[in-house]
>>> print(open('model_14.cif').read())   # mmCIF, C-alpha atoms
data_structure
#
loop_
_atom_site.label_atom_id
_atom_site.label_comp_id
_atom_site.auth_asym_id
_atom_site.auth_seq_id
_atom_site.Cartn_x
_atom_site.Cartn_y
_atom_site.Cartn_z
CA MET L 1 -7.87 14.14 -28.42
CA ASP L 2 -5.15 16.80 -28.57
CA GLU L 3 -4.13 20.04 -26.88
CA GLN L 4 -6.56 22.06 -29.01
CA THR L 5 -9.66 20.02 -28.22
CA ILE L 6 -9.11 19.47 -24.50
CA PRO L 7 -9.49 23.06 -23.21
CA ALA L 8 -12.78 23.30 -25.10
CA ALA L 9 -14.09 20.00 -23.73
CA ARG L 10 -17.08 20.73 -21.56
CA VAL L 11 -19.99 18.63 -20.35
CA PRO L 12 -23.40 20.29 -20.69
CA ASP L 13 -25.00 18.52 -17.73
CA ARG L 14 -23.30 19.54 -14.50
CA ASP L 15 -25.41 17.10 -12.45
CA ALA L 16 -24.17 14.24 -14.62
CA VAL L 17 -20.57 15.31 -13.96
CA LEU L 18 -21.25 15.33 -10.22
CA ASP L 19 -22.80 11.85 -10.47
CA PHE L 20 -19.69 10.62 -12.26
CA ALA L 21 -17.44 12.29 -9.67
CA GLU L 22 -19.26 10.42 -6.91
CA ALA L 23 -18.87 7.12 -8.75
CA LEU L 24 -15.17 7.82 -9.27
CA ARG L 25 -14.70 8.38 -5.53
CA ASP L 26 -16.29 4.98 -4.90
CA TYR L 27 -14.01 3.17 -7.37
CA ALA L 28 -10.72 4.90 -6.44
CA PRO L 29 -9.90 3.10 -3.12
CA ALA L 30 -10.26 -0.37 -4.68
CA ILE L 31 -8.09 0.61 -7.64
CA GLU L 32 -5.38 1.97 -5.32
CA ARG L 33 -5.48 -1.26 -3.27
CA ASP L 34 -5.15 -3.38 -6.42
CA VAL L 35 -2.18 -1.32 -7.56
CA SER L 36 -0.53 -1.80 -4.15
CA ARG L 37 -1.10 -5.56 -4.36
CA LEU L 38 0.37 -5.72 -7.84
CA ARG L 39 3.46 -3.77 -6.81
CA LEU L 40 4.18 -6.62 -4.40
CA THR L 41 2.99 -9.51 -6.59
CA PRO L 42 2.95 -8.36 -10.24
CA GLY L 43 1.70 -11.75 -11.42
CA ASP L 44 -1.45 -11.69 -9.26
CA HIS L 45 -4.06 -12.40 -11.94
CA GLU L 46 -6.95 -11.84 -9.53
CA ALA L 47 -5.70 -8.32 -8.77
CA ILE L 48 -5.09 -7.62 -12.46
CA GLY L 49 -8.64 -8.72 -13.26
CA SER L 50 -10.05 -6.60 -10.44
CA LEU L 51 -8.06 -3.58 -11.61
CA PHE L 52 -9.22 -4.05 -15.21
CA ARG L 53 -12.86 -4.29 -14.08
CA GLY L 54 -12.50 -1.16 -11.96
CA LEU L 55 -11.23 0.89 -14.88
CA HIS L 56 -13.86 -0.63 -17.18
CA ASN L 57 -16.58 0.39 -14.72
CA ILE L 58 -15.20 3.94 -14.55
CA LYS L 59 -15.28 4.16 -18.35
CA GLY L 60 -18.82 2.77 -18.40
CA ASP L 61 -20.06 5.28 -15.83
CA ALA L 62 -18.32 8.10 -17.70
CA ALA L 63 -20.15 7.07 -20.89
CA LEU L 64 -23.50 6.89 -19.08
CA CYS L 65 -22.92 10.36 -17.62
CA ARG L 66 -21.72 11.62 -21.03
CA VAL L 67 -18.33 12.66 -19.66
CA ASP L 68 -16.65 11.88 -22.97
CA LEU L 69 -13.34 13.32 -21.89
CA ALA L 70 -13.08 10.74 -19.09
CA VAL L 71 -13.96 7.94 -21.51
CA ALA L 72 -11.13 9.05 -23.80
CA MET L 73 -8.68 9.15 -20.88
CA VAL L 74 -9.52 5.72 -19.46
CA HIS L 75 -9.91 3.77 -22.70
CA PRO L 76 -6.19 3.43 -23.58
CA MET L 77 -5.29 2.37 -20.03
CA GLU L 78 -8.03 -0.25 -20.16
CA THR L 79 -6.54 -1.50 -23.45
CA LEU L 80 -3.04 -1.56 -21.93
CA LEU L 81 -4.25 -3.56 -18.93
CA ASP L 82 -6.00 -5.99 -21.25
CA ARG L 83 -2.60 -6.74 -22.74
CA VAL L 84 -1.26 -7.32 -19.22
CA ARG L 85 -4.24 -9.55 -18.49
CA ARG L 86 -3.47 -11.61 -21.62
CA ASN L 87 0.20 -11.92 -20.55
CA GLU L 88 1.42 -9.87 -23.51
CA LEU L 89 3.00 -7.30 -21.18
CA PRO L 90 4.22 -7.52 -17.56
CA PHE L 91 2.72 -5.37 -14.83
CA THR L 92 5.55 -2.94 -14.05
CA ALA L 93 6.21 -0.15 -11.57
CA SER L 94 5.79 2.33 -14.43
CA ILE L 95 2.33 0.99 -15.25
CA ALA L 96 1.42 1.30 -11.57
CA GLU L 97 2.57 4.94 -11.61
CA LEU L 98 0.58 5.62 -14.78
CA ILE L 99 -2.63 4.21 -13.29
CA LEU L 100 -2.28 6.38 -10.19
CA LEU L 101 -1.46 9.40 -12.35
CA LEU L 102 -4.54 8.72 -14.50
CA LEU L 103 -6.72 8.42 -11.40
CA ASP L 104 -5.37 11.71 -10.06
CA ARG L 105 -5.96 13.50 -13.36
CA LEU L 106 -9.49 12.10 -13.61
CA GLU L 107 -10.36 13.40 -10.14
CA VAL L 108 -8.98 16.87 -10.88
CA THR L 109 -10.62 16.93 -14.31
CA VAL L 110 -14.16 16.18 -13.11
CA THR L 111 -13.80 18.71 -10.30
CA ARG L 112 -12.85 21.39 -12.81
CA LEU L 113 -15.53 20.35 -15.28
CA ALA L 114 -18.18 20.65 -12.58
CA SER L 115 -17.05 24.17 -11.71
CA GLY L 116 -16.33 25.30 -15.28
CA GLN L 117 -12.59 25.73 -14.74
CA ASN L 118 -9.91 25.51 -17.43
CA LEU L 119 -8.19 22.18 -18.10
CA ALA L 120 -5.26 23.43 -20.16
CA ASP L 121 -2.57 22.94 -17.48
CA LEU L 122 -3.46 19.31 -16.70
CA GLN L 123 -1.51 17.94 -19.70
CA LEU L 124 -4.39 15.63 -20.60
CA GLY L 125 -3.33 15.51 -24.24
CA PRO L 126 0.17 14.12 -23.55
CA LEU L 127 -1.34 11.72 -21.01
CA THR L 128 -4.02 10.29 -23.30
CA GLN L 129 -1.81 10.25 -26.40
CA GLY L 130 1.01 8.68 -24.39
CA LEU L 131 -1.25 5.96 -23.02
CA GLU L 132 -2.56 5.31 -26.52
CA SER L 133 0.99 4.85 -27.81
CA LEU L 134 1.73 2.38 -24.99
CA THR L 135 -1.11 0.11 -26.12
CA ARG L 136 1.04 -0.76 -29.15
CA THR L 137 4.44 -0.80 -27.48
CA LYS L 138 6.81 -3.78 -27.35
CA VAL L 139 7.87 -5.37 -24.07
CA ASN L 140 11.46 -4.18 -24.31
CA GLU L 141 10.30 -0.57 -24.82
CA LEU L 142 7.67 -0.52 -22.09
CA GLY L 143 9.79 0.91 -19.25
CA THR L 144 11.41 3.69 -21.26
CA ARG L 145 8.21 4.78 -22.99
CA SER L 146 6.13 4.62 -19.78
CA SER L 147 8.66 6.83 -17.98
CA ALA L 148 8.58 9.25 -20.91
CA VAL L 149 4.80 9.60 -20.64
CA ILE L 150 4.99 10.28 -16.90
CA GLU L 151 7.72 12.86 -17.40
CA ALA L 152 5.77 14.55 -20.22
CA VAL L 153 2.72 14.94 -17.96
CA THR L 154 4.33 15.78 -14.61
CA GLY L 155 7.70 17.21 -15.59
CA PHE L 156 9.44 14.64 -13.38
CA ARG L 157 11.04 11.30 -14.17
CA PRO L 158 9.39 8.57 -12.05
CA ALA L 159 11.24 7.09 -9.07
CA GLY L 160 13.49 4.31 -10.18
CA GLY L 161 13.62 5.63 -13.73
CA GLU L 162 17.33 6.40 -13.48
CA PRO L 163 19.78 3.63 -12.63
CA ALA L 164 21.80 4.12 -9.49
CA SER L 165 25.36 5.26 -9.98
CA ASP L 166 28.05 2.63 -9.52
CA ASP L 167 29.70 4.56 -6.71
CA ALA L 168 26.49 4.99 -4.71
CA ASP L 169 26.74 3.55 -1.19
CA PRO L 170 23.81 1.14 -0.71
CA ASP L 171 24.37 0.99 3.06
CA ALA L 172 24.20 4.78 3.36
CA ARG L 173 20.99 4.86 1.32
CA ALA L 174 19.44 2.07 3.38
CA ASN L 175 20.35 3.76 6.66
CA ALA L 176 18.87 7.03 5.43
CA ASP L 177 15.68 5.20 4.49
CA LEU L 178 15.53 3.55 7.92
CA ARG L 179 15.80 6.97 9.58
CA PHE L 180 12.90 8.14 7.44
CA PHE L 181 10.81 5.07 8.35
CA ARG L 182 11.61 5.56 12.04
CA MET L 183 10.52 9.20 11.80
CA LEU L 184 7.17 8.11 10.34
CA ALA L 185 6.75 5.56 13.14
CA HIS L 186 7.38 8.26 15.74
CA GLN L 187 4.80 10.47 14.03
CA PHE L 188 2.33 7.63 14.47
CA GLU L 189 3.32 7.18 18.14
CA ALA L 190 2.71 10.88 18.78
CA ARG L 191 -1.00 10.42 18.03
CA SER L 192 -1.59 8.87 21.48
CA PRO L 193 0.30 8.98 24.82
CA ARG L 194 -0.30 5.22 25.15
CA PHE L 195 1.83 4.54 22.08
CA LYS L 196 4.96 6.12 23.54
CA GLY L 197 7.95 3.81 23.12
CA ARG L 198 6.03 1.07 21.30
CA THR L 199 8.20 1.22 18.18
CA ALA L 200 11.46 0.67 20.08
CA ARG L 201 9.89 -2.20 22.06
CA ILE L 202 8.60 -4.00 18.96
CA VAL L 203 11.86 -3.51 17.05
CA ARG L 204 13.89 -4.97 19.90
CA LEU L 205 11.53 -7.91 20.38
CA ALA L 206 11.33 -8.67 16.66
CA LEU L 207 15.10 -8.50 16.08
CA ASP L 208 15.88 -10.55 19.21
CA THR L 209 13.33 -13.23 18.29
CA ASN L 210 14.68 -13.37 14.75
CA GLN L 211 18.23 -13.78 16.05
CA GLN L 212 17.10 -16.46 18.52
CA ALA L 213 15.58 -18.39 15.62
CA GLY L 214 18.80 -18.21 13.59
CA THR L 215 18.24 -14.91 11.72
CA ILE L 216 15.71 -16.32 9.28
CA VAL L 217 14.64 -12.83 8.14
CA ASP L 218 16.94 -10.06 6.90
CA PRO L 219 17.26 -7.83 10.02
CA ARG L 220 17.28 -4.57 8.07
CA GLN L 221 14.11 -5.48 6.16
CA LEU L 222 12.48 -6.60 9.41
CA GLU L 223 13.39 -3.32 11.15
CA ALA L 224 11.88 -1.33 8.27
CA ALA L 225 8.71 -3.44 8.41
CA VAL L 226 8.32 -2.80 12.14
CA TYR L 227 8.67 0.95 11.65
CA MET L 228 6.13 1.00 8.83
CA HIS L 229 3.59 -1.67 9.74
CA ASP L 230 1.07 0.72 11.33
CA VAL L 231 1.95 3.92 9.46
CA GLY L 232 -0.95 3.19 7.10
CA MET L 233 -3.29 4.02 10.00
CA MET L 234 -2.48 7.67 9.44
CA PHE L 235 -4.24 7.52 6.07
CA LEU L 236 -7.49 6.80 7.93
CA GLU L 237 -9.63 9.06 10.06
CA GLU L 238 -8.20 9.19 13.59
CA ALA L 239 -11.70 8.68 14.95
CA ILE L 240 -11.50 5.12 13.60
CA TRP L 241 -8.18 3.86 14.94
CA LEU L 242 -8.08 5.90 18.16
CA LYS L 243 -11.63 4.95 19.12
CA SER L 244 -11.83 3.53 22.65
CA GLY L 245 -15.26 1.98 22.29
CA GLU L 246 -16.57 -0.78 20.06
CA MET L 247 -15.98 -0.37 16.33
CA SER L 248 -18.74 -0.44 13.76
CA ALA L 249 -18.59 -2.85 10.81
CA ALA L 250 -17.69 0.08 8.54
CA ASP L 251 -14.84 1.12 10.86
CA ARG L 252 -13.45 -2.42 10.94
CA GLN L 253 -13.57 -2.63 7.16
CA ALA L 254 -11.72 0.68 6.82
CA LEU L 255 -9.12 -0.42 9.36
CA ARG L 256 -8.37 -3.54 7.32
CA SER L 257 -7.01 -1.38 4.50
CA HIS L 258 -4.13 0.08 6.52
CA PRO L 259 -1.43 -2.55 5.72
CA MET L 260 -1.62 -1.82 1.99
CA TYR L 261 -1.10 1.92 2.43
CA ALA L 262 2.23 1.46 4.22
CA ALA L 263 3.24 -1.41 1.95
CA GLY L 264 2.58 0.86 -1.00
CA ILE L 265 5.06 3.43 0.35
CA LEU L 266 7.75 0.77 0.82
CA SER L 267 7.15 -0.80 -2.58
CA ARG L 268 7.77 2.56 -4.28
CA MET L 269 11.25 2.76 -2.75
CA ALA L 270 14.11 0.75 -4.23
CA GLY L 271 15.36 -2.10 -2.07
CA TRP L 272 12.43 -2.52 0.33
CA SER L 273 10.23 -5.07 -1.42
CA ALA L 274 10.76 -7.67 1.33
CA ALA L 275 9.71 -5.18 4.02
CA ALA L 276 6.69 -4.20 1.91
CA GLN L 277 5.62 -7.83 1.75
CA MET L 278 5.95 -8.21 5.53
CA VAL L 279 3.84 -5.11 6.13
CA SER L 280 1.15 -6.10 3.65
CA GLN L 281 0.84 -9.57 5.21
CA HIS L 282 1.29 -8.95 8.95
CA HIS L 283 -2.45 -9.29 9.64
CA GLU L 284 -2.78 -12.50 7.63
CA THR L 285 -3.18 -15.68 9.71
CA PRO L 286 -2.26 -19.33 9.09
CA ASP L 287 -5.93 -20.35 9.09
CA GLY L 288 -6.67 -18.01 6.14
CA LYS L 289 -8.99 -15.77 8.19
CA GLY L 290 -6.71 -12.74 8.27
CA TYR L 291 -6.67 -9.67 6.06
CA PRO L 292 -6.40 -7.95 3.63
CA GLN L 293 -6.09 -10.95 1.25
CA GLY L 294 -7.06 -13.96 3.39
CA LEU L 295 -3.74 -15.74 2.74
CA SER L 296 -2.97 -19.12 4.29
CA THR L 297 0.26 -20.30 5.92
CA VAL L 298 2.31 -21.13 2.83
CA ALA L 299 1.62 -17.77 1.18
CA ILE L 300 2.59 -15.67 4.24
CA CYS L 301 6.26 -14.71 4.33
CA PRO L 302 8.29 -15.56 7.49
CA GLY L 303 8.84 -11.91 8.41
CA ALA L 304 5.10 -11.21 8.38
CA ARG L 305 4.47 -14.24 10.61
CA LEU L 306 7.00 -12.91 13.13
CA LEU L 307 5.70 -9.35 12.92
CA ALA L 308 2.17 -10.59 13.60
CA ILE L 309 3.28 -12.12 16.90
CA VAL L 310 5.28 -9.19 18.27
CA ASP L 311 2.63 -6.68 17.17
CA ALA L 312 -0.12 -8.68 18.87
CA PHE L 313 2.01 -9.02 22.00
CA GLU L 314 2.46 -5.25 22.22
CA SER L 315 -1.29 -4.72 21.69
CA VAL L 316 -2.15 -7.09 24.56
CA MET L 317 0.46 -5.41 26.75
CA LEU L 318 -1.22 -2.05 26.15
CA LYS L 319 -4.59 -3.56 26.97
CA HIS L 320 -3.38 -4.84 30.35
CA ASP L 321 -0.82 -2.16 31.25
CA HIS L 322 -2.82 -1.22 34.36
CA ARG L 323 -1.77 -4.55 35.91
CA GLY L 324 1.92 -3.64 36.12
CA ARG L 325 4.64 -4.75 33.71
CA ASN L 326 5.31 -8.32 34.86
CA ARG L 327 1.63 -9.24 35.15
CA SER L 328 0.95 -7.63 31.78
CA VAL L 329 3.76 -9.65 30.19
CA LEU L 330 2.46 -12.90 31.65
CA ARG L 331 -1.06 -12.16 30.48
CA ALA L 332 0.16 -11.17 27.01
CA ILE L 333 2.37 -14.22 26.51
CA ALA L 334 -0.45 -16.47 27.69
CA GLU L 335 -2.80 -14.98 25.10
CA ILE L 336 -0.24 -15.35 22.32
CA ASN L 337 0.44 -18.99 23.16
CA ALA L 338 -3.26 -19.77 23.39
CA CYS L 339 -3.91 -18.58 19.83
CA ASP L 340 -2.47 -21.62 18.07
CA LYS L 341 -4.37 -20.97 14.82
CA GLN L 342 -3.65 -17.25 14.66
CA PHE L 343 0.15 -17.32 14.84
CA ALA L 344 2.91 -19.30 13.16
CA PRO L 345 4.10 -22.07 15.53
CA GLU L 346 7.72 -21.95 14.29
CA TRP L 347 8.12 -18.47 15.81
CA ILE L 348 6.42 -19.17 19.15
CA GLY L 349 9.37 -21.06 20.66
CA PRO L 350 12.02 -18.39 19.95
CA PHE L 351 9.54 -15.68 20.99
CA ASN L 352 8.87 -17.40 24.34
CA GLN L 353 12.60 -17.71 25.00
CA ILE L 354 13.15 -13.99 24.47
CA ILE L 355 10.22 -13.06 26.73
CA HIS L 356 11.34 -15.40 29.54
CA ARG L 357 14.88 -14.02 29.30
CA SER L 358 13.44 -10.52 29.58
CA LEU L 359 11.46 -11.43 32.70
CA GLU L 360 14.49 -13.05 34.33
CA SER L 361 16.56 -9.89 33.83
CA THR L 362 14.06 -7.64 35.61
#
>>> encode(input="model_14.cif", output="structure tokens")
Amino acid sequence: MDEQTIPAARVPDRDAVLDFAEALRDYAPAIERDVSRLRLTPGDHEAIGSLFRGLHNIKGDAALCRVDLAVAMVHPMETLLDRVRRNELPFTASIAELILLLLDRLEVTVTRLASGQNLADLQLGPLTQGLESLTRTKVNELGTRSSAVIEAVTGFRPAGGEPASDDADPDARANADLRFFRMLAHQFEARSPRFKGRTARIVRLALDTNQQAGTIVDPRQLEAAVYMHDVGMMFLEEAIWLKSGEMSAADRQALRSHPMYAAGILSRMAGWSAAAQMVSQHHETPDGKGYPQGLSTVAICPGARLLAIVDAFESVMLKHDHRGRNRSVLRAIAEINACDKQFAPEWIGPFNQIIHRSLEST
């Protein structure tokens, strides 16, 4: 497939294109979740297998619907992931970017095919040819050649493609990032009057508890995780997470995806991998019944275990805020301490000390 053949590529059956477009919409969320998981844990063979199957299914549906252009686009990425699956290549940030770029181009392509629009500006030739070349690349060339493909298609070098200059101030960059994360958290707060001030309260409680325990978690990473832990909610319909009544099973399932959206943002930014891990795991529980991955105690990082406690405490406080602050605090701390299987016991003691100190000062 080259630049001459792509503009002429058309599918005679518009209904078949629409069927494929619907299938693609069904597959896309799972693929994006797998990519987010692999950004945090590149060696996760289960996620790699799931991602490979998702792309294979897209290619299969494209073939059934006779969308040959989509088959040609997906095939080289499937081959590349097969090499990752066989441990011939590592799963890298550039591969993650390429998968998301491919998914985006597929969605735009089928939309245009269905409406008979031109495809010439989508750079499908450089994308497909570039992916094909990567299927034969060597490990030491993977990063450079992947970045070159992304730049050829989008006109931009991917984030992280250029090394930081030696004179760059890492503290200044980190502080700028924290301001950005705090701004996103305040955007989330603005969605409901009841959320006002929650970010500052959780940050203070998390940092104080961490300090009481001996600063087990990097404070800057923890602060970033607090700011970002619920930002993923804004990728969902507000009717789901602002609903006052009982949630449906479908709503609960959608809600369980929110940690990976925010973790995905953090994982794309240099220096915030620890915060990304905390965000992705803050709804996991020691008994393995949490989400999104059902991790057990050993697999959950300390920062996520702490974040789970302070986030739950704030949620219970909101639920009982009509009782007055002191009564709400007592009710909230009682609920946290009663959930011995939901929260990490090593954080409960320091957490209790900080809460009791807070009550004594009021």
>>> resolve_selection(input="model_14.cif", expression="the PyMOL selection byres ((chain L and resi 148-151) around 9)", output="JSON, numbers by chain")
{"L": [94, 97, 98, 101, 126, 127, 129, 130, 131, 134, 143, 144, 145, 146, 147, 152, 153, 154, 155, 156, 157, 158]}
>>> write_last_selection(input="model_14.cif", atoms="C-alpha atoms", output="short mmCIF file (atom, residue, chain, number, x, y, z; two decimals), in the coordinates of the input")
data_model
loop_
_atom_site.label_atom_id
_atom_site.label_comp_id
_atom_site.auth_asym_id
_atom_site.auth_seq_id
_atom_site.Cartn_x
_atom_site.Cartn_y
_atom_site.Cartn_z
CA SER L 94 5.79 2.33 -14.43
CA GLU L 97 2.57 4.94 -11.61
CA LEU L 98 0.58 5.62 -14.78
CA LEU L 101 -1.46 9.40 -12.35
CA PRO L 126 0.17 14.12 -23.55
CA LEU L 127 -1.34 11.72 -21.01
CA GLN L 129 -1.81 10.25 -26.40
CA GLY L 130 1.01 8.68 -24.39
CA LEU L 131 -1.25 5.96 -23.02
CA LEU L 134 1.73 2.38 -24.99
CA GLY L 143 9.79 0.91 -19.25
CA THR L 144 11.41 3.69 -21.26
CA ARG L 145 8.21 4.78 -22.99
CA SER L 146 6.13 4.62 -19.78
CA SER L 147 8.66 6.83 -17.98
CA ALA L 152 5.77 14.55 -20.22
CA VAL L 153 2.72 14.94 -17.96
CA THR L 154 4.33 15.78 -14.61
CA GLY L 155 7.70 17.21 -15.59
CA PHE L 156 9.44 14.64 -13.38
CA ARG L 157 11.04 11.30 -14.17
CA PRO L 158 9.39 8.57 -12.05
#
>>> resolve_selection(input="model_14.cif", expression="the PyMOL selection byres ((chain L and resi 73-81) around 8)", output="list in words")
Ile48, Phe52, Leu55, His56, Ile58, Lys59, Leu69, Ala70, Val71, Ala72, Asp82, Arg83, Val84, Arg85, Ile99, Leu102, Leu106, Leu124, Leu127, Thr128, Leu131, Glu132, Leu134 and Thr135 of chain L
>>> atom_distance(input="model_14.cif", atom1="CA of Tyr27 (chain L)", atom2="CA of Pro292 (chain L)")
17.4 Å
>>> atom_distance(input="model_14.cif", atom1="CA of Ala96 (chain L)", atom2="CA of Ala23 (chain L)")
21.3 Å
>>> resolve_selection(input="model_14.cif", expression="the PyMOL selection byres ((chain L and resi 211-225) around 10)", output="PDB file with C-alpha atoms, in the frame of the given file")
ATOM      1  CA  ALA L 174      19.440   2.070   3.380  1.00  0.00           C
ATOM      2  CA  ASN L 175      20.350   3.760   6.660  1.00  0.00           C
ATOM      3  CA  ASP L 177      15.680   5.200   4.490  1.00  0.00           C
ATOM      4  CA  LEU L 178      15.530   3.550   7.920  1.00  0.00           C
ATOM      5  CA  ARG L 179      15.800   6.970   9.580  1.00  0.00           C
ATOM      6  CA  PHE L 180      12.900   8.140   7.440  1.00  0.00           C
ATOM      7  CA  PHE L 181      10.810   5.070   8.350  1.00  0.00           C
ATOM      8  CA  ARG L 182      11.610   5.560  12.040  1.00  0.00           C
ATOM      9  CA  ALA L 185       6.750   5.560  13.140  1.00  0.00           C
ATOM     10  CA  THR L 199       8.200   1.220  18.180  1.00  0.00           C
ATOM     11  CA  ALA L 200      11.460   0.670  20.080  1.00  0.00           C
ATOM     12  CA  ILE L 202       8.600  -4.000  18.960  1.00  0.00           C
ATOM     13  CA  VAL L 203      11.860  -3.510  17.050  1.00  0.00           C
ATOM     14  CA  ARG L 204      13.890  -4.970  19.900  1.00  0.00           C
ATOM     15  CA  LEU L 205      11.530  -7.910  20.380  1.00  0.00           C
ATOM     16  CA  ALA L 206      11.330  -8.670  16.660  1.00  0.00           C
ATOM     17  CA  LEU L 207      15.100  -8.500  16.080  1.00  0.00           C
ATOM     18  CA  ASP L 208      15.880 -10.550  19.210  1.00  0.00           C
ATOM     19  CA  THR L 209      13.330 -13.230  18.290  1.00  0.00           C
ATOM     20  CA  ASN L 210      14.680 -13.370  14.750  1.00  0.00           C
ATOM     21  CA  VAL L 226       8.320  -2.800  12.140  1.00  0.00           C
ATOM     22  CA  TYR L 227       8.670   0.950  11.650  1.00  0.00           C
ATOM     23  CA  MET L 228       6.130   1.000   8.830  1.00  0.00           C
ATOM     24  CA  HIS L 229       3.590  -1.670   9.740  1.00  0.00           C
ATOM     25  CA  ASP L 230       1.070   0.720  11.330  1.00  0.00           C
ATOM     26  CA  ALA L 262       2.230   1.460   4.220  1.00  0.00           C
ATOM     27  CA  ALA L 263       3.240  -1.410   1.950  1.00  0.00           C
ATOM     28  CA  LEU L 266       7.750   0.770   0.820  1.00  0.00           C
ATOM     29  CA  GLY L 271      15.360  -2.100  -2.070  1.00  0.00           C
ATOM     30  CA  TRP L 272      12.430  -2.520   0.330  1.00  0.00           C
ATOM     31  CA  SER L 273      10.230  -5.070  -1.420  1.00  0.00           C
ATOM     32  CA  ALA L 274      10.760  -7.670   1.330  1.00  0.00           C
ATOM     33  CA  ALA L 275       9.710  -5.180   4.020  1.00  0.00           C
ATOM     34  CA  ALA L 276       6.690  -4.200   1.910  1.00  0.00           C
ATOM     35  CA  GLN L 277       5.620  -7.830   1.750  1.00  0.00           C
ATOM     36  CA  MET L 278       5.950  -8.210   5.530  1.00  0.00           C
ATOM     37  CA  VAL L 279       3.840  -5.110   6.130  1.00  0.00           C
ATOM     38  CA  SER L 280       1.150  -6.100   3.650  1.00  0.00           C
ATOM     39  CA  HIS L 282       1.290  -8.950   8.950  1.00  0.00           C
ATOM     40  CA  CYS L 301       6.260 -14.710   4.330  1.00  0.00           C
ATOM     41  CA  PRO L 302       8.290 -15.560   7.490  1.00  0.00           C
ATOM     42  CA  GLY L 303       8.840 -11.910   8.410  1.00  0.00           C
ATOM     43  CA  ALA L 304       5.100 -11.210   8.380  1.00  0.00           C
ATOM     44  CA  LEU L 306       7.000 -12.910  13.130  1.00  0.00           C
ATOM     45  CA  LEU L 307       5.700  -9.350  12.920  1.00  0.00           C
ATOM     46  CA  GLU L 346       7.720 -21.950  14.290  1.00  0.00           C
ATOM     47  CA  TRP L 347       8.120 -18.470  15.810  1.00  0.00           C
ATOM     48  CA  ILE L 348       6.420 -19.170  19.150  1.00  0.00           C
ATOM     49  CA  GLY L 349       9.370 -21.060  20.660  1.00  0.00           C
ATOM     50  CA  PRO L 350      12.020 -18.390  19.950  1.00  0.00           C
ATOM     51  CA  PHE L 351       9.540 -15.680  20.990  1.00  0.00           C
ATOM     52  CA  GLN L 353      12.600 -17.710  25.000  1.00  0.00           C
ATOM     53  CA  ILE L 354      13.150 -13.990  24.470  1.00  0.00           C
TER      54      ILE L 354
END
>>> closest_residue(input="model_14.cif", among="L:Phe188, L:Arg357, L:Arg256, L:Arg268", to="Glu238 (chain L)", atoms="all atoms listed in the file")
L:Phe188
>>> atom_distance(input="model_14.cif", atom1="CA of Ile31 (chain L)", atom2="CA of Gly49 (chain L)")
10.9 Å
>>> closest_residue(input="model_14.cif", among="L:Ala176, L:Ala308, L:Leu103, L:Val139", to="Glu32 (chain L)", atoms="only C-alpha atoms")
L:Leu103
>>> closest_residue(input="model_14.cif", among="L:Gln281, L:Asn118, L:Ser248, L:Asn337", to="Thr41 (chain L)", atoms="only C-alpha atoms")
L:Gln281
>>> closest_residue(input="model_14.cif", among="L:Met247, L:Leu51, L:Val108, L:Leu89", to="Glu141 (chain L)", atoms="only C-alpha atoms")
L:Leu89
>>> closest_residue(input="model_14.cif", among="L:Ile336, L:Asp287, L:His186, L:Gln293", to="Ile309 (chain L)", atoms="only C-alpha atoms")
L:Ile336
>>> closest_residue(input="model_14.cif", among="L:Leu18, L:Ile265, L:Leu236, L:Val231", to="Arg252 (chain L)", atoms="all atoms listed in the file")
L:Leu236
